[in-house]
Amino acid sequence: HSGDKSKLYFWRTKTGQEIDLIIEKDNEAVPIEIKSGSTVIPGYFKHINYYNKVSGNTAGNILYAGQVNQSRSSGIEVINWRE
């Protein structure tokens, strides 16, 4: 409600790598993957890890239907969307 405008993007490569949502604010891009599953599986990290590798980014978020929030050593936060 501060009046700041964030830029929202979708990212996809020719080979099918994609990020559901990238929020750009204050010269920082935060990749976000949105998953309907309630159990975190390794595949959830695939596209964010690829995006971070090619962009030089070091963080990201995965929103999922599970119960537990988790922080990964890779800088990716796993957040349940119910909070």
# chains A, B, ... in the order shown; residues from 1 in each chain; ligands from 1

call {"tool": "residues_around", "arguments": {"residues": "range 72-79 of chain A", "least_positions_apart": "2", "cutoff": "6 Å", "atoms": "only C-alpha atoms", "output": "ChimeraX atom specification"}}
result
/A:59-63,69-70

call {"tool": "write_last_selection", "arguments": {"atoms": "all heavy atoms", "output": "PDB file, in the first residue's frame"}}
result
ATOM      1  N   ALA A  59      18.670 -16.313  -5.002  1.00  0.00           N
ATOM      2  CA  ALA A  59      17.559 -16.660  -4.113  1.00  0.00           C
ATOM      3  C   ALA A  59      16.327 -17.002  -4.925  1.00  0.00           C
ATOM      4  O   ALA A  59      16.336 -16.966  -6.153  1.00  0.00           O
ATOM      5  CB  ALA A  59      17.265 -15.500  -3.165  1.00  0.00           C
ATOM      6  N   GLY A  60      15.257 -17.310  -4.237  1.00  0.00           N
ATOM      7  CA  GLY A  60      13.987 -17.591  -4.882  1.00  0.00           C
ATOM      8  C   GLY A  60      12.993 -18.120  -3.865  1.00  0.00           C
ATOM      9  O   GLY A  60      13.335 -18.358  -2.708  1.00  0.00           O
ATOM     10  N   ASN A  61      11.768 -18.297  -4.316  1.00  0.00           N
ATOM     11  CA  ASN A  61      10.710 -18.809  -3.450  1.00  0.00           C
ATOM     12  C   ASN A  61       9.908 -19.869  -4.177  1.00  0.00           C
ATOM     13  O   ASN A  61       9.659 -19.754  -5.375  1.00  0.00           O
ATOM     14  CB  ASN A  61       9.748 -17.686  -3.038  1.00  0.00           C
ATOM     15  CG  ASN A  61      10.406 -16.659  -2.166  1.00  0.00           C
ATOM     16  OD1 ASN A  61      10.956 -16.966  -1.129  1.00  0.00           O
ATOM     17  ND2 ASN A  61      10.359 -15.415  -2.600  1.00  0.00           N
ATOM     18  N   ILE A  62       9.499 -20.866  -3.417  1.00  0.00           N
ATOM     19  CA  ILE A  62       8.560 -21.860  -3.902  1.00  0.00           C
ATOM     20  C   ILE A  62       7.339 -21.782  -3.004  1.00  0.00           C
ATOM     21  O   ILE A  62       7.445 -21.943  -1.786  1.00  0.00           O
ATOM     22  CB  ILE A  62       9.159 -23.277  -3.878  1.00  0.00           C
ATOM     23  CG1 ILE A  62      10.335 -23.355  -4.852  1.00  0.00           C
ATOM     24  CG2 ILE A  62       8.090 -24.322  -4.200  1.00  0.00           C
ATOM     25  CD1 ILE A  62      11.118 -24.628  -4.781  1.00  0.00           C
ATOM     26  N   LEU A  63       6.187 -21.495  -3.591  1.00  0.00           N
ATOM     27  CA  LEU A  63       4.926 -21.510  -2.860  1.00  0.00           C
ATOM     28  C   LEU A  63       4.282 -22.857  -3.121  1.00  0.00           C
ATOM     29  O   LEU A  63       4.148 -23.268  -4.272  1.00  0.00           O
ATOM     30  CB  LEU A  63       4.008 -20.391  -3.345  1.00  0.00           C
ATOM     31  CG  LEU A  63       4.505 -18.972  -3.179  1.00  0.00           C
ATOM     32  CD1 LEU A  63       3.482 -17.986  -3.748  1.00  0.00           C
ATOM     33  CD2 LEU A  63       4.778 -18.659  -1.728  1.00  0.00           C
ATOM     34  N   ASN A  69       6.933 -24.305   6.370  1.00  0.00           N
ATOM     35  CA  ASN A  69       7.841 -23.390   5.692  1.00  0.00           C
ATOM     36  C   ASN A  69       9.263 -23.893   5.902  1.00  0.00           C
ATOM     37  O   ASN A  69       9.603 -24.363   6.988  1.00  0.00           O
ATOM     38  CB  ASN A  69       7.709 -21.976   6.241  1.00  0.00           C
ATOM     39  CG  ASN A  69       6.375 -21.349   5.920  1.00  0.00           C
ATOM     40  OD1 ASN A  69       5.671 -21.781   5.014  1.00  0.00           O
ATOM     41  ND2 ASN A  69       6.006 -20.335   6.657  1.00  0.00           N
ATOM     42  N   GLN A  70      10.094 -23.794   4.882  1.00  0.00           N
ATOM     43  CA  GLN A  70      11.453 -24.302   4.955  1.00  0.00           C
ATOM     44  C   GLN A  70      12.404 -23.331   4.282  1.00  0.00           C
ATOM     45  O   GLN A  70      12.053 -22.703   3.299  1.00  0.00           O
ATOM     46  CB  GLN A  70      11.568 -25.649   4.236  1.00  0.00           C
ATOM     47  CG  GLN A  70      10.615 -26.696   4.708  1.00  0.00           C
ATOM     48  CD  GLN A  70      10.635 -27.920   3.799  1.00  0.00           C
ATOM     49  OE1 GLN A  70      11.648 -28.241   3.206  1.00  0.00           O
ATOM     50  NE2 GLN A  70       9.517 -28.596   3.705  1.00  0.00           N
TER      51      GLN A  70
END

call {"tool": "residues_around", "arguments": {"residues": "Gly16 in chain A", "least_positions_apart": "6", "cutoff": "12 Å", "atoms": "only C-alpha atoms", "output": "number ranges by chain"}}
result
A: 46-47, 50-51

call {"tool": "residues_around", "arguments": {"residues": "Trp81 in chain A", "least_positions_apart": "2", "cutoff": "9 Å", "atoms": "only C-alpha atoms", "output": "ChimeraX atom specification"}}
result
/A:34,63-67,79,83

call {"tool": "residues_around", "arguments": {"residues": "Glu28 in chain A", "least_positions_apart": "5", "cutoff": "10 Å", "atoms": "only C-alpha atoms", "output": "PyMOL selection string"}}
result
chain A and resi 22-23+57

call {"tool": "closest_residue", "arguments": {"among": "A:Ser36, A:Gln17, A:Gly56, A:Lys25", "to": "Lys5 in chain A", "atoms": "only C-alpha atoms"}}
result
A:Lys25

call {"tool": "select_by_dssp", "arguments": {"residues": "range 19-80 of chain A", "states": "strand (DSSP E or B)", "output": "VMD selection string"}}
result
chain A and resid 19 to 25 28 to 34 60 to 64 70 to 71 76 to 80

call {"tool": "write_last_selection", "arguments": {"atoms": "N, CA and C atoms", "output": "PDB file, in the first residue's frame"}}
result
ATOM      1  N   ILE A  19       9.816 -20.056 -15.179  1.00  0.00           N
ATOM      2  CA  ILE A  19       9.546 -19.554 -13.834  1.00  0.00           C
ATOM      3  C   ILE A  19       8.136 -18.982 -13.866  1.00  0.00           C
ATOM      4  N   ASP A  20       7.306 -19.397 -12.916  1.00  0.00           N
ATOM      5  CA  ASP A  20       5.909 -18.968 -12.899  1.00  0.00           C
ATOM      6  C   ASP A  20       5.758 -17.463 -12.708  1.00  0.00           C
ATOM      7  N   LEU A  21       6.590 -16.889 -11.857  1.00  0.00           N
ATOM      8  CA  LEU A  21       6.472 -15.462 -11.555  1.00  0.00           C
ATOM      9  C   LEU A  21       7.831 -14.924 -11.149  1.00  0.00           C
ATOM     10  N   ILE A  22       8.197 -13.793 -11.726  1.00  0.00           N
ATOM     11  CA  ILE A  22       9.394 -13.065 -11.296  1.00  0.00           C
ATOM     12  C   ILE A  22       8.926 -11.681 -10.882  1.00  0.00           C
ATOM     13  N   ILE A  23       9.239 -11.328  -9.654  1.00  0.00           N
ATOM     14  CA  ILE A  23       8.889 -10.008  -9.145  1.00  0.00           C
ATOM     15  C   ILE A  23      10.158  -9.171  -9.114  1.00  0.00           C
ATOM     16  N   GLU A  24      10.125  -8.053  -9.808  1.00  0.00           N
ATOM     17  CA  GLU A  24      11.274  -7.152  -9.838  1.00  0.00           C
ATOM     18  C   GLU A  24      10.933  -5.905  -9.040  1.00  0.00           C
ATOM     19  N   LYS A  25      11.760  -5.638  -8.051  1.00  0.00           N
ATOM     20  CA  LYS A  25      11.568  -4.446  -7.234  1.00  0.00           C
ATOM     21  C   LYS A  25      12.923  -4.013  -6.689  1.00  0.00           C
ATOM     22  N   GLU A  28      16.055  -5.804  -7.954  1.00  0.00           N
ATOM     23  CA  GLU A  28      16.222  -7.194  -7.561  1.00  0.00           C
ATOM     24  C   GLU A  28      15.107  -8.019  -8.186  1.00  0.00           C
ATOM     25  N   ALA A  29      15.460  -9.166  -8.739  1.00  0.00           N
ATOM     26  CA  ALA A  29      14.475 -10.063  -9.341  1.00  0.00           C
ATOM     27  C   ALA A  29      14.336 -11.297  -8.450  1.00  0.00           C
ATOM     28  N   VAL A  30      13.113 -11.587  -8.031  1.00  0.00           N
ATOM     29  CA  VAL A  30      12.856 -12.745  -7.178  1.00  0.00           C
ATOM     30  C   VAL A  30      12.030 -13.757  -7.962  1.00  0.00           C
ATOM     31  N   PRO A  31      12.619 -14.920  -8.313  1.00  0.00           N
ATOM     32  CA  PRO A  31      11.861 -15.944  -9.016  1.00  0.00           C
ATOM     33  C   PRO A  31      10.972 -16.714  -8.044  1.00  0.00           C
ATOM     34  N   ILE A  32       9.753 -17.002  -8.479  1.00  0.00           N
ATOM     35  CA  ILE A  32       8.786 -17.717  -7.640  1.00  0.00           C
ATOM     36  C   ILE A  32       8.160 -18.838  -8.460  1.00  0.00           C
ATOM     37  N   GLU A  33       8.216 -20.029  -7.934  1.00  0.00           N
ATOM     38  CA  GLU A  33       7.526 -21.175  -8.518  1.00  0.00           C
ATOM     39  C   GLU A  33       6.301 -21.455  -7.653  1.00  0.00           C
ATOM     40  N   ILE A  34       5.181 -21.765  -8.273  1.00  0.00           N
ATOM     41  CA  ILE A  34       3.939 -22.035  -7.564  1.00  0.00           C
ATOM     42  C   ILE A  34       3.553 -23.480  -7.825  1.00  0.00           C
ATOM     43  N   GLY A  60      15.257 -17.310  -4.237  1.00  0.00           N
ATOM     44  CA  GLY A  60      13.987 -17.591  -4.882  1.00  0.00           C
ATOM     45  C   GLY A  60      12.993 -18.120  -3.865  1.00  0.00           C
ATOM     46  N   ASN A  61      11.768 -18.297  -4.316  1.00  0.00           N
ATOM     47  CA  ASN A  61      10.710 -18.809  -3.450  1.00  0.00           C
ATOM     48  C   ASN A  61       9.908 -19.869  -4.177  1.00  0.00           C
ATOM     49  N   ILE A  62       9.499 -20.866  -3.417  1.00  0.00           N
ATOM     50  CA  ILE A  62       8.560 -21.860  -3.902  1.00  0.00           C
ATOM     51  C   ILE A  62       7.339 -21.782  -3.004  1.00  0.00           C
ATOM     52  N   LEU A  63       6.187 -21.495  -3.591  1.00  0.00           N
ATOM     53  CA  LEU A  63       4.926 -21.510  -2.860  1.00  0.00           C
ATOM     54  C   LEU A  63       4.282 -22.857  -3.121  1.00  0.00           C
ATOM     55  N   TYR A  64       3.858 -23.555  -2.057  1.00  0.00           N
ATOM     56  CA  TYR A  64       3.267 -24.875  -2.240  1.00  0.00           C
ATOM     57  C   TYR A  64       2.133 -25.084  -1.248  1.00  0.00           C
ATOM     58  N   GLN A  70      10.094 -23.794   4.882  1.00  0.00           N
ATOM     59  CA  GLN A  70      11.453 -24.302   4.955  1.00  0.00           C
ATOM     60  C   GLN A  70      12.404 -23.331   4.282  1.00  0.00           C
ATOM     61  N   SER A  71      13.593 -23.240   4.812  1.00  0.00           N
ATOM     62  CA  SER A  71      14.645 -22.456   4.177  1.00  0.00           C
ATOM     63  C   SER A  71      15.715 -23.425   3.712  1.00  0.00           C
ATOM     64  N   ILE A  76      16.833 -20.712  -1.422  1.00  0.00           N
ATOM     65  CA  ILE A  76      15.441 -20.818  -1.846  1.00  0.00           C
ATOM     66  C   ILE A  76      14.558 -21.064  -0.627  1.00  0.00           C
ATOM     67  N   GLU A  77      13.544 -20.233  -0.487  1.00  0.00           N
ATOM     68  CA  GLU A  77      12.586 -20.381   0.609  1.00  0.00           C
ATOM     69  C   GLU A  77      11.381 -21.173   0.110  1.00  0.00           C
ATOM     70  N   VAL A  78      10.955 -22.154   0.876  1.00  0.00           N
ATOM     71  CA  VAL A  78       9.757 -22.934   0.566  1.00  0.00           C
ATOM     72  C   VAL A  78       8.671 -22.466   1.529  1.00  0.00           C
ATOM     73  N   ILE A  79       7.604 -21.908   0.976  1.00  0.00           N
ATOM     74  CA  ILE A  79       6.580 -21.236   1.783  1.00  0.00           C
ATOM     75  C   ILE A  79       5.220 -21.846   1.475  1.00  0.00           C
ATOM     76  N   ASN A  80       4.473 -22.218   2.524  1.00  0.00           N
ATOM     77  CA  ASN A  80       3.129 -22.705   2.254  1.00  0.00           C
ATOM     78  C   ASN A  80       2.242 -21.510   1.960  1.00  0.00           C
TER      79      ASN A  80
END
